Amino acid sequence: MTEVSIEQLTKDYGQGPAVDGISVRIAEGEFISLLGPSGCGKTTTLKMIAGFEDATRGAIRFDGRDVVHVPVEKRDIGMVFQNYALFPHMTVERNLAFGLEMRKIPKTEIRDRIAKVLDMVQLTGYAERYPRQLSGGQQQRVALARALVIEPKILLLDEPLANLDAKLREEMRVFIRDLQRRVGITTVYVTHDQAEAMTMSDRVVVMFGGRIAQIGAPSDIYERPANLEVAEFVGQVNIVRGKVVNSIVSTPLGDVPVVGHYADGADITLALRPEAVELLPVTAGVAGVPAKVLSSYYSGSLVDYRLELANGTIVNVQTFPRTRFRDGETVLVHAPADRFWPLGSVA
Amino acid sequence: MSAVAGKRLGPLLLIAPAAILLTAFLVLPYLNIVLMSFRMPGQGTPYGPGLTLANYGKFFSDIFYIQQVVNTLWIGFVTTFACLVLGYPVAWQLARGTSSLRALGYGLVLSPLLVGIVIRSYGWTILLGNNGLINRTLMGWGLIDGPLPLMYNALGIIIALVHVFLPFMILPIMSAIQGIDPSLEAAARSLGASKLTAFRRITLPLSLPGIQAGCILVFVLSLSAYVTPSLIGGLRVKTMAVTVVDALIDTFQWPFGSAMALVLSVTGAIFVVLFGRLTVMKWKA
């Protein structure tokens with residue numbers, strides 16, 4: 001098991017940094033995701049860890065040893081590519097043997113290790129197949145097996161599920177996560193899909209414009225986003241702005257006490273997740289802000305509502321479909337004060 | 001005519017013009033060549049009445065003609081091999097290079113095709129002749145005493161053929177390499193292969209379809225080349241194509257010329273099939 005430490009890592013192609021001095025320490029056996037929109041520098045960071053891109057500045061340490069000047073083939077990494085990159089002219093067995101042959105492992109051991117890894121990815125019996133004879137999910141598992149069979153120091157995955165259909169993608173999330181836990185390998189996972197990052201990772205690194213916006217456990221990122229960009233990138237969010245008076249912000253959804261150092265009169269932005277809001281019938285006779293249902297989207301387990309308050313503010317709410325409200329109906333909106341999260345002062 | 005029959009006839013009608021053209025101007029003449037190769041040699045006419053195997057007998061019983069087939073095949077092999085060795089690196093550069101000069105390189109590769117083959121071959125006689133540019137320069141520098149034999153031999157023919165056919169090797173290999181996902185090489189590197197090993201184990205075998213196509217093209221073109229061998233080989237070195245034309249046009253022996261042409265075609269076809277068998281790619285669907 002390997003600890004990976006990235007220090008002040010920078011990549012500049014000449015038109016301003018693509019990756020701008022990022023630092024992150026990845027613990028032994030940790031599953032970390034680099035999450036962000038395309039062009040945020042997450043893939044470049046992964047390529048630098050792998051050794052496909054040279055770092056302009058900074059250090060990448062595997063167990064304390066700087067590998068910045070070590071070529072790809074000597075870094076002892078396992079990598080899974082977005083399009084799997086299986087060698088089409090080799091059978092599954094030859095694909096899996098490739099990395100072991102490069103390491104001059106004896107033939108009998110190669111056979112044993114291939115059998116073991118095929119069992120691990122549930123593809124026993126597929127050794128003689130060519131990649132084109134496999135489904136997308138099977139190819140994905142061969143790619144994973146090929147990266148793991150060499151028992152690398154770290155596992156790097158570059159959007160490995162992007163080419164799979166939705167159902168298979170969810171299955172593979174669980175599969176990869178379970179496999180990573182079992183093997184206990186330090187893993188860096190690049191994705192632009194926040195659900196993927198949240199469900200699989202121990203910690204998520206959210207990146208924007210080559211910088212790290214936030215590092216934290218999935219629940220930190222979601223419930224306590226560092227800024228507006230993170231809040232909006234990771235799931236849906238209602239943004240409420242207001243002025244602090246006596247540590248209280250008056251919002252169209254009620255008064256919210258804020259903790260922390262806010263001067264009186266400071267402008268503040270609050271984030272409110274749609275599922276934190278409760279909807280009640282007007283007949284309930286409880287406190288709440290009346291709102292009109294503009295539209296609703298039913299997705300089976302949940303319903304998304306788009307509501308309009310009397311002052312024209314739009315609020316998005318996500319609820320269980322136990323009680324359904326019709327479009328045009330007036331409902332009561334109840335947003336618990338402790339579910340608002342301050343995003344810092346308005347810029 | 002019923003609607004069903006009309007539907008079935010539709011596609012046939014669409015391919016009819018091309019089919020008629022090919023039948024009239026390719027299949028029928030070919031069949032005529034086959035027939036001609038069995039006709040009696042004529043006296044003062046291109047061919048005489050009746051059929052015979054004598055034309056083939058004459059060919060296979062004369063070591064001169066056998067030797068010529070061997071020479072022609074040899075020139076074909078060497079030209080193909082030289083094109084492959086010279087062309088592959090160029091194809092790789094054109095497919096994978098990052099230089100901005102790539103477009104220029106592509107133009108240079110295609111440029112020989114823009115000049116007529118006769119002119120190109122004449123150009124080589126100017127360069128390769130005893131009194132040609134190369135020999136005169138070398139003698140002028142005092143590097144050699146007499147002219148090097150660059151023309152009127154197989155070497156000269158091969159040099160000129162390589163120049164003429166190089167694009168036919170480079171283009172299919174280039175397109176094959178372009179079709180190889182670069183992440184395959186990256187994957188090989190990540191598994192511990194050096195750049196060279198990644199090329200040898202991944203890129204090279206995957207570019208085999210391009211190599212195969214290029215080799216077959218150049219080999220077949222070399223066997224049937226006429227203008228270049230006749231200009232550079234002169235009277236001293238003759239390839240089969242030159243001999244066939246001699247027999248048909250100069251000495252008017254249509255049956256014998258046809259027999260030789262067929263022997264050349266069949267020999268070439270046998271080697272192409274053998275080569276295809278040798279380079280069969282199991283991993284392709």
# chains A, B, ... in the order shown; residues from 1 in each chain; ligands from 1
>>> interface_residues(of="chain A", to="chain B", cutoff="7 Å", atoms="only C-alpha atoms", output="list in words")
Val72, Glu73, Lys74, Ile77, Gly78, Met79, Ala85, Leu86, Phe87, Pro88, His89, Gly99, Met102 and Tyr130 of chain A
>>> select_by_dssp(residues="segment 137-315 of chain A", states="helix (DSSP H, G or I)", output="ChimeraX atom specification")
/A:137-149,166-183,194-200,218-223,228-233,274-276,282-284
>>> select_by_dssp(residues="segment 33-256 of chain A", states="strand (DSSP E)", output="PyMOL selection string")
chain A and resi 33-35+57-62+65-66+77-80+154-158+186-191+203-208+211-216+238-245+248-251+254-256
>>> closest_residue(among="A:Thr191, A:Gln82, A:Ser301, A:Ser250", to="Phe340 of chain A", atoms="only C-alpha atoms")
A:Ser250
>>> atom_distance(atom1="atom CA of Pro257 of chain A", atom2="atom CA of Val331 of chain A")
24.4 Å
